[in-house]
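Encoded as structure tokens, the structure appears first; notes follow it.
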Amino acid sequence: MKVGLLVTCLVDMMRPRIGFAALKLLEAAGCEVVVPETQTCCGQPGYNSGDRRAAQALALKLVREFAGCDYVVAPSGSCAGMVRAHYPELFHEFPEHLAEVQRLASRTYELTDFLVNVAKLKEVPGKFSGTITYHDSCAGLRELGVQGQPRGLLARIPGLKLTEMKEAQSCCGFGGTFSIKYGDLSAAIADKKCNHIQASGADAVVLGDLGCMMNIEGRLRRRGDGKTRVLHVAEVLAGMTDESRE
Amino acid sequence: MYFKPRASEKLANPTLQRALANFKERFVGARTEAVAQVPNFEELREAAKAIRNRALANLDLLLEEFERNATARGARVHWAEDAEAAARIICEIARTHGVKKVVKSKSMVSEECNVNDALEAQGVQVVETDLGEYILQLAKEPPSHIIAPVVHKSRDEISDLFAEKHGTPRKTEIAALCREARDVLRPHFLSADMGISGANFIVAETGTTLIVTNEGNGRMVTTLPRVHVAITGIEKVVPTLEDVALLLRVLTRSATGQPISNYVSFTTGVKGAGDLDGAEHFHIVLVDGGRSKLLGSDLWEALRCIRCGACMNHCPVYQTVGGHAYGWVYPGPIGSIVTPAYVGIENALDLPNASTLCNQCGVVCPVKIPLPDLQRKLREQQVDRGLRPWTERAALRLWAWVAQRPGLYALGTGIAVRMLSAMGGKERLLHSLPGASGWTGGRDLPAPAGRTFRELYRKRAVRQ
Ligand code: SF4
């Protein structure tokens with residue numbers, strides 16, 4: 001099965017290791033992975049900022065780039081959700097593209113959802129010793145129903161202990177451009193999330209969206225917590241959590 | 001009305017922050033429990049949505065049916081095109097009946113129409129009798145929540161307020177404060193000439209208005225004075241009493257986590273020949289105020305709202321800044337839709353943007369309003385009408401232009417990550433970043449690795 005890896009613009013720039021971790025996991029699940037080289041961004045920043053036309057242009061570009069794939073997989077609930085839950089709405093005024101867009105949308109998955117429900121990954125390659133707590137990012141949880149999948153996969157790593165924090169499902173305050181436009185409000189919401197993470201006593205908070213990771217990590221560090229690690233679920237599952245190895 | 005500076009002010013108010021934290025625990029917890037006790041709550045939400053959709057699809061016919069049936073039972077229906085008209089009509093009713101004192105039960109539409117100010121301007125005394133609204137009337141503040149209007153205040157503040165305004169010894173027990181308010185309010189109920197209530201729903205088949213309350217004041221407001229005025233929005237009509245029964249099941253559970261409120265008062269027509277109580281004159285004021293314009297627009301689904309407050313109870317932004325930051329009558333996610341819709345999109349630019357689109361509201365809304373989608377629609381309207389700041393438009397346009405050109409994009413991002421990486425130093429953190437103070441004001445920025453995925457991937461492909 002041919003899987004197109006939607007790297008996502010944030011992973012491409014800010015933390016490429018997540019992309020390689022996703023690649024490793026997909027290959028471990030027996031997929032033939034292609035990475036369309038011209039991919040840039042799914043259009044979400046434009047879509048959520050009200051610039052529908054910019055979003056449509058980028059969405060169409062993405063649809064074409066991944067047209068030959070059986071599935072599209074992203075290490076992000078928010079980008080996968082953009083394609084799966086929002087692309088069809090985005091094209092409702094262009095019926096000529098609708099069929100094509102809908103076909104792609106229905107084959108697009110968040111990574112852990114795909115590994116569990118489609119590729120049926122057998123061996124989880126990751127190693128981790130310590131306690132983690134899992135944060136449910138909003139789009140993955142509420143648009144795609146990603147909740148048990150990452151936890152189930154993580155539970156298969158020997159030495160990893162999962163402890164639930166309070167309000168794991170509440171928003172971390174990221175919200176894309178919201179985090180910059182309403183910075184103090186966004187940081188105040190992140191603060192509550194950080195309180196719950198620290199109260200859980202976990203060594204690391206694990207999640208599936210880089211935007212939320214940057215928000216949470218940024219706030220933890222600003223508060224003076226240099227210790228609690230902030231890891232992507234793909235990094236943990238692939239055993240690629242070591243900073244020195246890139 | 002500027003949301004942003006007000007929000008910052010609210011963030012810096014520790015009393016408010018404590019009050020909001022308590023409030024969230026209480027309301028979110030109560031709803032979760034109440035919903036868990038109904039095995040098919042999701043089906044009920046679906047059914048509630050269908051009822052409201054049916055009502056909106058037949059709004060004109062149902063309103064006419066309502067008017068016919070209410071009139072047949074001795075009530076009089078008034079149509080108010082906007083807030084001013086509603087206030088004018090109510091003042092006129094007060095004048096006609098020689099009203100000196102009005103007791104009110106809670107009504108957000110009356111807030112929307114500034115009814116109290118209008119009545120007071122013509123010398124009528126207005127007394128709010130819902131405990132929360134009464135406190136706010138003493139404090140001269142607007143409500144900050146649609147069902148828990150005084151949620152922003154601490155008990156200490158209320159103790160001080162009562163002692164000051166009532167001239168009584170300061171009390172701190174909630175029960176004692178309630179008793180004091182009851183003692184003050186009781187004579188007002190008995191001496192008022194007119195009662196003003198809202199209406200959670202109006203029922204077309206019977207001409208009934210009904211209110212959902214917990215304190216019992218609403219029942220006195222609607223039955224003791226000789227004149228009763230019910231004011232509500234035209235969208236509140238539902239076809240049948242059967243429909244009301246279903247909507248109540250989702251309304252109170254979503255609002256306060258109660259299977260049913262302490263009181264649900266149905267008012268149908270005026271006091272009949274053998275009736276012991278009830279108003280002799282019953283006026284029903286139905287307000288448009290922008291609602292009919294929403295019908296058939298991109299935002300029509302907001303009209304399904306049954307004003308339960310669950311969206312704000314579950315909203316991370318509301319939970320962090322409270323209702324006053326929103327600047328108008330309706331706060332929270334639903335406020336961020338109806339405020340721009342009713343007061344003008346250009347007068348509430350922040351509201352639809354001040355949201356993380358987390359959809360914690362949409363998944364609890366009992367009538368399944370897709371609130372984040374509607375916020376996004378309003379963002380689109382702002383862009384289409386050129387209402388966003390030029391810097392934001394330019395940045396978006398540049399980003400979109402570059403992102404459609406993969407070669408240029410690769411070059412640009414390659415340079416950007418190298419710079420950011422260098423700025424991250426040994427700590428691998430950026431403490432400040434020119435042009436991104438919104439981010440770095442309250443957070444560090446984890447430094448990127450310094451090479452993009454695309455570069456590393458290509459290198460790897462060459463190596464293999
Ligand atoms: S939008 Fe939905 S959740 Fe919010 S007040 Fe209205 S009915 Fe309740």
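By order of appearance in the structure tokens: chains A, B, ..., then residues from 1 within every chain, and ligands from 1 in the order shown.
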Hey, what's within 12 Å of Ala447 (chain B) if we count only C-alpha atoms and toss same-chain stuff fewer than 4 positions away? As a PDB file with N, CA, C and O atoms, in the first residue's frame, please?
ATOM      1  N   MET A  13       9.937  22.509   9.144  1.00  0.00           N
ATOM      2  CA  MET A  13      10.820  23.585   9.597  1.00  0.00           C
ATOM      3  C   MET A  13      11.345  23.373  11.008  1.00  0.00           C
ATOM      4  O   MET A  13      12.526  23.511  11.267  1.00  0.00           O
ATOM      5  N   MET A  14      10.445  23.074  11.908  1.00  0.00           N
ATOM      6  CA  MET A  14      10.808  23.183  13.324  1.00  0.00           C
ATOM      7  C   MET A  14      11.328  21.886  13.942  1.00  0.00           C
ATOM      8  O   MET A  14      12.088  21.923  14.899  1.00  0.00           O
ATOM      9  N   ARG A  15      10.912  20.744  13.454  1.00  0.00           N
ATOM     10  CA  ARG A  15      11.336  19.514  14.115  1.00  0.00           C
ATOM     11  C   ARG A  15      11.289  18.346  13.128  1.00  0.00           C
ATOM     12  O   ARG A  15      10.422  17.480  13.219  1.00  0.00           O
ATOM     13  N   PRO A  16      12.229  18.324  12.178  1.00  0.00           N
ATOM     14  CA  PRO A  16      12.215  17.315  11.111  1.00  0.00           C
ATOM     15  C   PRO A  16      12.229  15.885  11.652  1.00  0.00           C
ATOM     16  O   PRO A  16      11.726  14.968  10.988  1.00  0.00           O
ATOM     17  N   MET A 214       4.976  23.118  20.634  1.00  0.00           N
ATOM     18  CA  MET A 214       5.767  24.348  20.756  1.00  0.00           C
ATOM     19  C   MET A 214       5.154  25.283  21.792  1.00  0.00           C
ATOM     20  O   MET A 214       5.864  25.949  22.551  1.00  0.00           O
ATOM     21  N   GLU A 217       5.765  23.506  25.282  1.00  0.00           N
ATOM     22  CA  GLU A 217       7.177  23.542  25.638  1.00  0.00           C
ATOM     23  C   GLU A 217       7.628  24.982  25.898  1.00  0.00           C
ATOM     24  O   GLU A 217       8.336  25.262  26.871  1.00  0.00           O
ATOM     25  N   GLY A 218       7.181  25.886  25.032  1.00  0.00           N
ATOM     26  CA  GLY A 218       7.558  27.288  25.184  1.00  0.00           C
ATOM     27  C   GLY A 218       7.130  27.847  26.524  1.00  0.00           C
ATOM     28  O   GLY A 218       7.857  28.591  27.179  1.00  0.00           O
TER      29      GLY A 218
ATOM     30  N   ALA B 416      15.301  30.583   6.946  1.00  0.00           N
ATOM     31  CA  ALA B 416      14.636  30.899   8.223  1.00  0.00           C
ATOM     32  C   ALA B 416      15.068  29.932   9.325  1.00  0.00           C
ATOM     33  O   ALA B 416      15.387  30.355  10.439  1.00  0.00           O
ATOM     34  N   VAL B 417      15.109  28.645   9.022  1.00  0.00           N
ATOM     35  CA  VAL B 417      15.439  27.704  10.107  1.00  0.00           C
ATOM     36  C   VAL B 417      16.899  27.831  10.527  1.00  0.00           C
ATOM     37  O   VAL B 417      17.237  27.618  11.695  1.00  0.00           O
ATOM     38  N   ARG B 418      17.754  28.205   9.599  1.00  0.00           N
ATOM     39  CA  ARG B 418      19.161  28.397   9.991  1.00  0.00           C
ATOM     40  C   ARG B 418      19.288  29.596  10.936  1.00  0.00           C
ATOM     41  O   ARG B 418      20.001  29.544  11.935  1.00  0.00           O
ATOM     42  N   MET B 419      18.577  30.658  10.589  1.00  0.00           N
ATOM     43  CA  MET B 419      18.639  31.835  11.452  1.00  0.00           C
ATOM     44  C   MET B 419      18.058  31.548  12.837  1.00  0.00           C
ATOM     45  O   MET B 419      18.663  31.865  13.861  1.00  0.00           O
ATOM     46  N   LEU B 420      16.888  30.929  12.837  1.00  0.00           N
ATOM     47  CA  LEU B 420      16.247  30.634  14.126  1.00  0.00           C
ATOM     48  C   LEU B 420      17.107  29.691  14.958  1.00  0.00           C
ATOM     49  O   LEU B 420      17.232  29.842  16.172  1.00  0.00           O
ATOM     50  N   SER B 421      17.705  28.736  14.283  1.00  0.00           N
ATOM     51  CA  SER B 421      18.541  27.772  14.989  1.00  0.00           C
ATOM     52  C   SER B 421      19.736  28.480  15.627  1.00  0.00           C
ATOM     53  O   SER B 421      20.072  28.245  16.791  1.00  0.00           O
ATOM     54  N   ALA B 422      20.364  29.380  14.861  1.00  0.00           N
ATOM     55  CA  ALA B 422      21.512  30.120  15.392  1.00  0.00           C
ATOM     56  C   ALA B 422      21.086  30.971  16.590  1.00  0.00           C
ATOM     57  O   ALA B 422      21.794  31.057  17.593  1.00  0.00           O
ATOM     58  N   MET B 423      19.877  31.574  16.483  1.00  0.00           N
ATOM     59  CA  MET B 423      19.403  32.423  17.575  1.00  0.00           C
ATOM     60  C   MET B 423      19.064  31.618  18.826  1.00  0.00           C
ATOM     61  O   MET B 423      19.005  32.168  19.925  1.00  0.00           O
ATOM     62  N   GLY B 424      18.846  30.317  18.642  1.00  0.00           N
ATOM     63  CA  GLY B 424      18.468  29.473  19.774  1.00  0.00           C
ATOM     64  C   GLY B 424      19.620  29.181  20.724  1.00  0.00           C
ATOM     65  O   GLY B 424      19.408  28.744  21.855  1.00  0.00           O
ATOM     66  N   GLY B 425      20.839  29.425  20.268  1.00  0.00           N
ATOM     67  CA  GLY B 425      22.016  29.260  21.126  1.00  0.00           C
ATOM     68  C   GLY B 425      22.136  27.867  21.724  1.00  0.00           C
ATOM     69  O   GLY B 425      21.566  26.897  21.210  1.00  0.00           O
ATOM     70  N   LYS B 426      22.884  27.785  22.804  1.00  0.00           N
ATOM     71  CA  LYS B 426      23.119  26.490  23.450  1.00  0.00           C
ATOM     72  C   LYS B 426      21.863  25.947  24.111  1.00  0.00           C
ATOM     73  O   LYS B 426      21.622  24.752  24.160  1.00  0.00           O
ATOM     74  N   GLU B 427      21.076  26.877  24.624  1.00  0.00           N
ATOM     75  CA  GLU B 427      19.849  26.475  25.313  1.00  0.00           C
ATOM     76  C   GLU B 427      18.817  25.862  24.383  1.00  0.00           C
ATOM     77  O   GLU B 427      17.864  25.227  24.819  1.00  0.00           O
ATOM     78  N   ARG B 428      18.957  26.115  23.090  1.00  0.00           N
ATOM     79  CA  ARG B 428      17.976  25.722  22.066  1.00  0.00           C
ATOM     80  C   ARG B 428      16.611  26.363  22.311  1.00  0.00           C
ATOM     81  O   ARG B 428      15.566  25.751  22.102  1.00  0.00           O
ATOM     82  N   LEU B 429      16.620  27.601  22.791  1.00  0.00           N
ATOM     83  CA  LEU B 429      15.374  28.326  23.037  1.00  0.00           C
ATOM     84  C   LEU B 429      15.541  29.771  22.593  1.00  0.00           C
ATOM     85  O   LEU B 429      16.607  30.348  22.783  1.00  0.00           O
ATOM     86  N   LEU B 430      14.494  30.326  22.019  1.00  0.00           N
ATOM     87  CA  LEU B 430      14.509  31.764  21.739  1.00  0.00           C
ATOM     88  C   LEU B 430      13.630  32.458  22.779  1.00  0.00           C
ATOM     89  O   LEU B 430      12.471  32.104  22.955  1.00  0.00           O
ATOM     90  N   HIS B 431      14.212  33.449  23.464  1.00  0.00           N
ATOM     91  CA  HIS B 431      13.421  34.157  24.482  1.00  0.00           C
ATOM     92  C   HIS B 431      12.690  35.352  23.902  1.00  0.00           C
ATOM     93  O   HIS B 431      11.752  35.861  24.488  1.00  0.00           O
ATOM     94  N   SER B 432      13.198  35.829  22.778  1.00  0.00           N
ATOM     95  CA  SER B 432      12.456  36.897  22.102  1.00  0.00           C
ATOM     96  C   SER B 432      12.716  36.778  20.616  1.00  0.00           C
ATOM     97  O   SER B 432      13.714  36.208  20.183  1.00  0.00           O
ATOM     98  N   LEU B 433      11.769  37.295  19.854  1.00  0.00           N
ATOM     99  CA  LEU B 433      11.889  37.201  18.404  1.00  0.00           C
ATOM    100  C   LEU B 433      11.211  38.424  17.801  1.00  0.00           C
ATOM    101  O   LEU B 433      10.021  38.639  18.015  1.00  0.00           O
ATOM    102  N   ARG B 451      18.006  22.463   9.916  1.00  0.00           N
ATOM    103  CA  ARG B 451      17.819  21.976   8.550  1.00  0.00           C
ATOM    104  C   ARG B 451      16.359  21.573   8.416  1.00  0.00           C
ATOM    105  O   ARG B 451      15.774  21.037   9.369  1.00  0.00           O
TER     106      ARG B 451
END
For region 199-202 of chain B, list every protein, DNA or RNA residue within 9 Å, evaluated using only C-alpha atoms, and leave out those in the same chain fewer than 6 positions away; present the list as a PyMOL selection string. chain B and resi 66+107+208-212+230-239+244+306-307
Please identify every residue of chain B that has at least one atom no more than 6 Å from any atom of chain A, counting only C-alpha atoms, and report them as JSON, numbers by chain. {"B": [356, 358, 379, 380, 383, 400, 403, 406, 438, 439, 442, 443, 444, 445, 448, 452, 453]}
Considering only alpha helix (DSSP H) as DSSP defines it on the backbone, what residues of region 115-296 of chain B qualify? List them as a ChimeraX atom specification. /B:115-121,131-139,155-166,174-191,217-223,241-255,291-294
Do a neighbour search on Leu25 (chain A) at 10 Å with only C-alpha atoms, toss out local chain neighbours closer than 2 positions, and write the hits as number ranges by chain. A: 19-23, 27-31, 111-112, 115, 121, 123-126, 234-235, 237-239
Same residues, N, CA and C atoms, output as a PDB file, in the first residue's frame:
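Saved the output as part.pdb:
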ATOM      1  N   GLY A  19       9.174  13.938  11.323  1.00  0.00           N
ATOM      2  CA  GLY A  19       8.911  13.404   9.983  1.00  0.00           C
ATOM      3  C   GLY A  19       9.619  12.079   9.771  1.00  0.00           C
ATOM      4  N   PHE A  20      10.862  12.004  10.210  1.00  0.00           N
ATOM      5  CA  PHE A  20      11.603  10.749  10.049  1.00  0.00           C
ATOM      6  C   PHE A  20      11.041   9.650  10.939  1.00  0.00           C
ATOM      7  N   ALA A  21      10.572  10.051  12.106  1.00  0.00           N
ATOM      8  CA  ALA A  21       9.952   9.064  12.999  1.00  0.00           C
ATOM      9  C   ALA A  21       8.691   8.498  12.352  1.00  0.00           C
ATOM     10  N   ALA A  22       7.899   9.373  11.742  1.00  0.00           N
ATOM     11  CA  ALA A  22       6.678   8.922  11.073  1.00  0.00           C
ATOM     12  C   ALA A  22       7.030   7.967   9.930  1.00  0.00           C
ATOM     13  N   LEU A  23       8.062   8.335   9.198  1.00  0.00           N
ATOM     14  CA  LEU A  23       8.540   7.512   8.082  1.00  0.00           C
ATOM     15  C   LEU A  23       8.916   6.118   8.582  1.00  0.00           C
ATOM     16  N   GLU A  27       7.033   2.611   7.624  1.00  0.00           N
ATOM     17  CA  GLU A  27       7.792   1.524   6.993  1.00  0.00           C
ATOM     18  C   GLU A  27       7.743   0.262   7.847  1.00  0.00           C
ATOM     19  N   ALA A  28       7.810   0.483   9.161  1.00  0.00           N
ATOM     20  CA  ALA A  28       7.721  -0.677  10.063  1.00  0.00           C
ATOM     21  C   ALA A  28       6.376  -1.374   9.924  1.00  0.00           C
ATOM     22  N   ALA A  29       5.366  -0.619   9.516  1.00  0.00           N
ATOM     23  CA  ALA A  29       4.037  -1.214   9.338  1.00  0.00           C
ATOM     24  C   ALA A  29       3.874  -1.809   7.938  1.00  0.00           C
ATOM     25  N   GLY A  30       4.957  -1.767   7.196  1.00  0.00           N
ATOM     26  CA  GLY A  30       4.924  -2.411   5.883  1.00  0.00           C
ATOM     27  C   GLY A  30       4.426  -1.542   4.742  1.00  0.00           C
ATOM     28  N   CYS A  31       4.393  -0.246   4.956  1.00  0.00           N
ATOM     29  CA  CYS A  31       3.900   0.627   3.886  1.00  0.00           C
ATOM     30  C   CYS A  31       5.035   1.035   2.955  1.00  0.00           C
ATOM     31  N   LEU A 111      -1.476  10.013  11.929  1.00  0.00           N
ATOM     32  CA  LEU A 111      -0.528   8.901  11.987  1.00  0.00           C
ATOM     33  C   LEU A 111      -0.953   7.735  12.881  1.00  0.00           C
ATOM     34  N   THR A 112      -1.249   8.008  14.166  1.00  0.00           N
ATOM     35  CA  THR A 112      -1.519   6.880  15.068  1.00  0.00           C
ATOM     36  C   THR A 112      -2.833   6.189  14.707  1.00  0.00           C
ATOM     37  N   LEU A 115      -1.883   3.945  11.865  1.00  0.00           N
ATOM     38  CA  LEU A 115      -1.088   2.785  12.291  1.00  0.00           C
ATOM     39  C   LEU A 115      -1.973   1.739  12.961  1.00  0.00           C
ATOM     40  N   LEU A 121      -0.146  -1.823  12.638  1.00  0.00           N
ATOM     41  CA  LEU A 121       1.254  -1.976  13.056  1.00  0.00           C
ATOM     42  C   LEU A 121       1.388  -3.056  14.127  1.00  0.00           C
ATOM     43  N   GLU A 123       4.726  -4.518  15.586  1.00  0.00           N
ATOM     44  CA  GLU A 123       5.767  -4.244  16.572  1.00  0.00           C
ATOM     45  C   GLU A 123       5.975  -2.740  16.695  1.00  0.00           C
ATOM     46  N   VAL A 124       5.871  -2.224  17.887  1.00  0.00           N
ATOM     47  CA  VAL A 124       6.212  -0.815  18.096  1.00  0.00           C
ATOM     48  C   VAL A 124       7.714  -0.743  18.368  1.00  0.00           C
ATOM     49  N   PRO A 125       8.463  -0.073  17.503  1.00  0.00           N
ATOM     50  CA  PRO A 125       9.917  -0.103  17.638  1.00  0.00           C
ATOM     51  C   PRO A 125      10.469   0.691  18.823  1.00  0.00           C
ATOM     52  N   GLY A 126       9.677   1.595  19.385  1.00  0.00           N
ATOM     53  CA  GLY A 126      10.204   2.538  20.370  1.00  0.00           C
ATOM     54  C   GLY A 126      10.654   1.928  21.685  1.00  0.00           C
ATOM     55  N   ALA A 234       5.071  10.281  17.670  1.00  0.00           N
ATOM     56  CA  ALA A 234       5.845   9.535  16.667  1.00  0.00           C
ATOM     57  C   ALA A 234       7.283   9.332  17.134  1.00  0.00           C
ATOM     58  N   GLU A 235       7.857  10.349  17.770  1.00  0.00           N
ATOM     59  CA  GLU A 235       9.231  10.227  18.274  1.00  0.00           C
ATOM     60  C   GLU A 235       9.325   9.110  19.305  1.00  0.00           C
ATOM     61  N   LEU A 237       7.158   6.542  19.771  1.00  0.00           N
ATOM     62  CA  LEU A 237       6.844   5.226  19.185  1.00  0.00           C
ATOM     63  C   LEU A 237       7.992   4.708  18.328  1.00  0.00           C
ATOM     64  N   ALA A 238       8.722   5.640  17.675  1.00  0.00           N
ATOM     65  CA  ALA A 238       9.810   5.218  16.790  1.00  0.00           C
ATOM     66  C   ALA A 238      11.124   5.076  17.548  1.00  0.00           C
ATOM     67  N   GLY A 239      11.131   5.435  18.823  1.00  0.00           N
ATOM     68  CA  GLY A 239      12.378   5.378  19.580  1.00  0.00           C
ATOM     69  C   GLY A 239      13.355   6.447  19.138  1.00  0.00           C
TER      70      GLY A 239
END
Which residues form the shell of 6 Å around ligand 1 when you count only C-alpha atoms and all ligand atoms, given as a ChimeraX atom specification? /B:305-311,334,365-367,369
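Looking only at region 69-237 of chain A, the set that DSSP places in strand (DSSP E or B) from backbone geometry is A:Tyr71, A:Val72, A:Val73, A:Ala74, A:Thr108, A:Tyr109, A:Glu110, A:Gly130, A:Thr131, A:Ile132, A:Thr133, A:Tyr134, A:Leu160, A:Lys161, A:Leu162, A:Ala204, A:Val205, A:Val206, A:Leu207, A:Arg229, A:Val230, A:Leu231, A:His232.
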Write out as number ranges by chain the residues lying within 7 Å of region 202-211 of chain A, counting only C-alpha atoms and excluding same-chain residues fewer than 5 positions away. A: 10-11, 75-78, 130-137, 174, 197, 228-233
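The nearest approach to Leu61 (chain B) among the residues B:Asp298, B:Glu205, B:Glu346, B:Glu84, with only C-alpha atoms taken into account, belongs to B:Glu205.
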